[in-house]
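Notes follow once the structure below has been shown.
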Amino acid sequence: MLETILVALIVMPLIIVANREEARGRRSVLLALLTFDLVRINGLWRSFATGVKRMNFAEAPAFDPAKPVHRTAALLMALGFLMIATLYLSSDIADDNTIPVDAQAGAVLELIGGGALHLGAAFLGVGWLTRRRLPDVVRRLGLRMPTLWEAAISIGVGVGLWTFSTAAVALWERAVPADIFQQQTAEAQRFYEAFSGSLALALLLALLPALSEEIFYRGALQPVFGILLSSLFFTATHLQYAFTPALLILFAVSLGFAWLRLRFHTGAAIIAHALFNFMPYLAGA
């Protein structure tokens, strides 16, 4: 929880300053330095924008190297990848990033803290309170109630992705020794067991990350950075799966959520994600 607060204290002010500058149409020297704007004339940001566009095949990412908000988001994402890589390479990753699942209250607090960080970054990042009114923010994030047809497709995708992941995990289990598989899945199993005693808590576990993560990764980031980069970032931030085949499985699942955002809207991705999270508890009930 302390780490979440520290990240928020660094990220939120930068996001707010970038949005205020974009609303006013001017740039401060500080933000220019922080986002490497002074070397933009050398093609750094234009090269990054070209790379983002070339990475995507299903959409045209909106990343604009002239926008302070987009440059700030790219910088923060790069710092996020750097921090994650450092943790992955650390021998203490299991100790540093273990969710306190031995106490349900601690696990719930972690979920709430992470969810608040994602939602705050998403809403403030697209201009809430600085350059967009709330209805415009909601539209920008792709938040709307799905039709019955869209809800049915989202449910089908959620069940399909869970079926795929279950089959992939079964193949993974058969491909490695039992002790290795148990070691690689221990963190996820502890998290599951912390909520398996109550369907109400399991539903909370399913809904909170689905809502906050989809609004952040698919609603805020995907239209700017595209499906592949936003899905890579989504996958990398799930530190409990470091150096296991679960990262590849999660990336494939993320692409399914991203397709729903692209084809319909963020609400459809939220439904599929929540159902994907809840299916293990339904299957084990």
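We name chains A, B, ... following the order of the structure tokens; residues begin at 1 in each chain, and ligands are numbered from 1 as shown.
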Selection near Phe264 (chain A), 9 Å with only C-alpha atoms, sequence-local residues under 3 positions removed, as an mmCIF file with N, CA, C and O atoms, in the first residue's frame:
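The resulting file, around.cif, is shown below:
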data_model
loop_
_atom_site.group_PDB
_atom_site.id
_atom_site.type_symbol
_atom_site.label_atom_id
_atom_site.label_comp_id
_atom_site.auth_asym_id
_atom_site.auth_seq_id
_atom_site.Cartn_x
_atom_site.Cartn_y
_atom_site.Cartn_z
ATOM 1 N N GLY A 142 -14.338 5.684 -23.267
ATOM 2 C CA GLY A 142 -15.120 4.612 -23.882
ATOM 3 C C GLY A 142 -16.076 3.933 -22.935
ATOM 4 O O GLY A 142 -16.372 2.744 -23.090
ATOM 5 N N PRO A 146 -23.429 -1.322 -22.208
ATOM 6 C CA PRO A 146 -23.501 -2.166 -23.401
ATOM 7 C C PRO A 146 -24.947 -2.538 -23.730
ATOM 8 O O PRO A 146 -25.807 -2.590 -22.853
ATOM 9 N N GLU A 150 -24.046 -6.665 -27.132
ATOM 10 C CA GLU A 150 -22.672 -6.428 -26.723
ATOM 11 C C GLU A 150 -22.346 -7.159 -25.425
ATOM 12 O O GLU A 150 -21.249 -7.708 -25.270
ATOM 13 N N TRP A 259 -9.386 -6.224 -27.944
ATOM 14 C CA TRP A 259 -10.257 -6.345 -29.121
ATOM 15 C C TRP A 259 -11.668 -5.846 -28.798
ATOM 16 O O TRP A 259 -12.298 -5.167 -29.610
ATOM 17 N N LEU A 260 -12.165 -6.175 -27.606
ATOM 18 C CA LEU A 260 -13.495 -5.705 -27.203
ATOM 19 C C LEU A 260 -13.533 -4.191 -27.124
ATOM 20 O O LEU A 260 -14.515 -3.555 -27.527
ATOM 21 N N ARG A 261 -12.486 -3.584 -26.588
ATOM 22 C CA ARG A 261 -12.416 -2.117 -26.531
ATOM 23 C C ARG A 261 -12.413 -1.530 -27.942
ATOM 24 O O ARG A 261 -13.083 -0.531 -28.213
ATOM 25 N N GLY A 267 -16.668 -0.590 -21.682
ATOM 26 C CA GLY A 267 -17.641 -1.329 -20.878
ATOM 27 C C GLY A 267 -17.682 -2.799 -21.234
ATOM 28 O O GLY A 267 -17.822 -3.663 -20.349
ATOM 29 N N ALA A 268 -17.560 -3.117 -22.517
ATOM 30 C CA ALA A 268 -17.554 -4.517 -22.943
ATOM 31 C C ALA A 268 -16.327 -5.240 -22.402
ATOM 32 O O ALA A 268 -16.402 -6.397 -21.963
ATOM 33 N N ALA A 269 -15.170 -4.563 -22.420
ATOM 34 C CA ALA A 269 -13.947 -5.165 -21.887
ATOM 35 C C ALA A 269 -14.054 -5.390 -20.384
ATOM 36 O O ALA A 269 -13.546 -6.389 -19.854
#
Which distance in Å separates CA of Leu171 (chain A) and CA of Gln189 (chain A), to one decimal?
17.2 Å
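Comparing the minimum interatomic distances between Thr163 (chain A) and each of A:Ala116, A:Ile249, A:Ile271, A:Met55, counting only C-alpha atoms, we find that A:Ile249 sits nearest.
You will find CA of Gly114 (chain A) at 9.3 Å from CA of Ile5 (chain A).
Each of A:Ser165, A:Asn277, A:Ser154, A:Ser254 was compared to Ala206 (chain A) using only C-alpha atoms, and A:Asn277 turns out to be the nearest.
Interatomic distance, CA of Pro280 (chain A) to CA of Pro177 (chain A): 23.2 Å.
Distance annotation: of A:Leu282, A:Ala122, A:Leu203, A:Leu148, the residue with the minimal separation from Ile16 (chain A) is A:Ala122; atom set is only C-alpha atoms.
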Would you mind writing down, as a PyMOL selection string, each residue of region 58-175 of chain A that DSSP on the backbone assigns to helix (DSSP H, G or I)?
chain A and resi 68-89+93-96+104-125+134-140+148-175
Quick one: write out the picked residues with C-alpha atoms as a CSV table (one decimal), in the first residue's frame?
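Saved file selection15.csv follows:
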chain,number,residue,atom,x,y,z
A,68,PRO,CA,2.5,17.4,-23.5
A,69,VAL,CA,0.0,14.8,-22.1
A,70,HIS,CA,1.1,12.2,-24.6
A,71,ARG,CA,4.8,12.8,-24.0
A,72,THR,CA,4.2,12.6,-20.2
A,73,ALA,CA,2.2,9.4,-20.5
A,74,ALA,CA,5.0,7.9,-22.6
A,75,LEU,CA,7.6,8.9,-20.1
A,76,LEU,CA,5.7,7.5,-17.2
A,77,MET,CA,5.1,4.3,-19.1
A,78,ALA,CA,8.8,4.0,-19.9
A,79,LEU,CA,9.7,4.6,-16.2
A,80,GLY,CA,7.1,1.9,-15.3
A,81,PHE,CA,8.7,-0.6,-17.7
A,82,LEU,CA,12.1,0.3,-16.2
A,83,MET,CA,10.9,-0.3,-12.6
A,84,ILE,CA,9.3,-3.5,-13.6
A,85,ALA,CA,12.4,-4.8,-15.3
A,86,THR,CA,14.4,-3.9,-12.2
A,87,LEU,CA,12.0,-5.9,-10.1
A,88,TYR,CA,12.0,-8.8,-12.5
A,89,LEU,CA,15.8,-9.0,-12.3
A,93,ILE,CA,10.8,-10.0,-6.4
A,94,ALA,CA,8.7,-12.5,-4.6
A,95,ASP,CA,9.3,-10.8,-1.2
A,96,ASP,CA,8.9,-7.3,-2.5
A,104,GLN,CA,-8.2,-10.8,3.6
A,105,ALA,CA,-8.3,-7.2,4.9
A,106,GLY,CA,-4.8,-6.5,3.6
A,107,ALA,CA,-5.6,-8.0,0.2
A,108,VAL,CA,-8.7,-5.9,-0.1
A,109,LEU,CA,-6.7,-2.8,0.8
A,110,GLU,CA,-4.2,-3.6,-1.9
A,111,LEU,CA,-7.0,-4.0,-4.4
A,112,ILE,CA,-8.6,-0.7,-3.4
A,113,GLY,CA,-5.3,1.1,-3.5
A,114,GLY,CA,-4.3,-0.2,-6.9
A,115,GLY,CA,-7.8,0.4,-8.2
A,116,ALA,CA,-7.7,4.0,-7.0
A,117,LEU,CA,-4.3,4.6,-8.6
A,118,HIS,CA,-5.5,3.2,-12.0
A,119,LEU,CA,-8.8,5.2,-11.9
A,120,GLY,CA,-7.1,8.4,-10.8
A,121,ALA,CA,-4.4,8.2,-13.5
A,122,ALA,CA,-7.1,7.4,-16.1
A,123,PHE,CA,-9.5,10.2,-15.3
A,124,LEU,CA,-6.9,12.8,-14.6
A,125,GLY,CA,-4.8,11.7,-17.6
A,134,LEU,CA,-16.9,14.7,-16.9
A,135,PRO,CA,-19.3,13.7,-19.7
A,136,ASP,CA,-16.5,14.3,-22.2
A,137,VAL,CA,-14.1,12.3,-20.0
A,138,VAL,CA,-16.5,9.4,-19.9
A,139,ARG,CA,-16.8,9.4,-23.7
A,140,ARG,CA,-13.0,9.6,-24.1
A,148,LEU,CA,-27.8,-6.8,-24.8
A,149,TRP,CA,-25.9,-8.0,-27.9
A,150,GLU,CA,-22.7,-6.4,-26.7
A,151,ALA,CA,-23.1,-7.9,-23.2
A,152,ALA,CA,-23.7,-11.3,-24.7
A,153,ILE,CA,-20.5,-11.1,-26.8
A,154,SER,CA,-18.5,-9.8,-23.8
A,155,ILE,CA,-19.7,-12.7,-21.7
A,156,GLY,CA,-18.8,-15.1,-24.5
A,157,VAL,CA,-15.4,-13.6,-24.8
A,158,GLY,CA,-14.8,-13.7,-21.0
A,159,VAL,CA,-15.8,-17.4,-20.8
A,160,GLY,CA,-13.7,-18.2,-23.9
A,161,LEU,CA,-10.6,-16.4,-22.6
A,162,TRP,CA,-11.0,-18.3,-19.3
A,163,THR,CA,-11.4,-21.6,-21.1
A,164,PHE,CA,-8.3,-20.8,-23.2
A,165,SER,CA,-6.2,-19.8,-20.1
A,166,THR,CA,-7.4,-23.0,-18.2
A,167,ALA,CA,-6.3,-25.2,-21.1
A,168,ALA,CA,-3.0,-23.3,-21.4
A,169,VAL,CA,-2.3,-23.7,-17.7
A,170,ALA,CA,-3.1,-27.4,-18.0
A,171,LEU,CA,-0.5,-27.8,-20.8
A,172,TRP,CA,2.0,-25.7,-18.7
A,173,GLU,CA,1.5,-28.1,-15.8
A,174,ARG,CA,2.1,-31.1,-17.9
A,175,ALA,CA,5.3,-29.6,-19.5
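Closest approach to Gln222 (chain A) among A:Trp45, A:Phe63, A:Tyr241, A:Phe278: A:Phe63, based on only C-alpha atoms.
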Would you kindly return, as a ChimeraX atom specification, each protein, DNA or RNA residue with an atom no farther than 7 Å from any atom of Gly226 (chain A), considering only C-alpha atoms and excluding same-chain residues fewer than 3 positions away?
/A:56,59,61,222-223,229-230
Could you save those same residues with N, CA and C atoms as a JSON list (two decimals), in the first residue's frame?
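again-v2.json, freshly written:
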[["chain", "number", "residue", "atom", "x", "y", "z"],
["A", 56, "ASN", "N", 1.22, -1.43, -34.47],
["A", 56, "ASN", "CA", -0.20, -1.74, -34.44],
["A", 56, "ASN", "C", -0.72, -2.01, -35.85],
["A", 59, "GLU", "N", -5.47, -0.74, -35.61],
["A", 59, "GLU", "CA", -5.96, 0.59, -35.30],
["A", 59, "GLU", "C", -4.88, 1.62, -35.59],
["A", 61, "PRO", "N", -3.09, 4.40, -33.59],
["A", 61, "PRO", "CA", -2.90, 5.06, -32.29],
["A", 61, "PRO", "C", -2.83, 6.56, -32.44],
["A", 222, "GLN", "N", -4.96, 2.63, -24.43],
["A", 222, "GLN", "CA", -5.02, 1.96, -25.73],
["A", 222, "GLN", "C", -5.27, 2.90, -26.91],
["A", 223, "PRO", "N", -6.19, 3.87, -26.81],
["A", 223, "PRO", "CA", -6.38, 4.75, -27.97],
["A", 223, "PRO", "C", -5.14, 5.57, -28.33],
["A", 229, "LEU", "N", 1.21, -2.21, -27.37],
["A", 229, "LEU", "CA", 2.00, -1.57, -26.31],
["A", 229, "LEU", "C", 1.21, -1.51, -25.01],
["A", 230, "SER", "N", -0.07, -1.17, -25.08],
["A", 230, "SER", "CA", -0.87, -1.11, -23.85],
["A", 230, "SER", "C", -1.05, -2.51, -23.26]]
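The residue that comes closest to Gln240 (chain A), out of A:Phe48, A:Asn19, A:Thr185, A:Lys53 and on the basis of only C-alpha atoms, is A:Thr185.
Taking only C-alpha atoms into account, Glu214 (chain A) lies nearest to A:Leu255 out of the set A:Ala186, A:Ala242, A:Ala200, A:Leu255.
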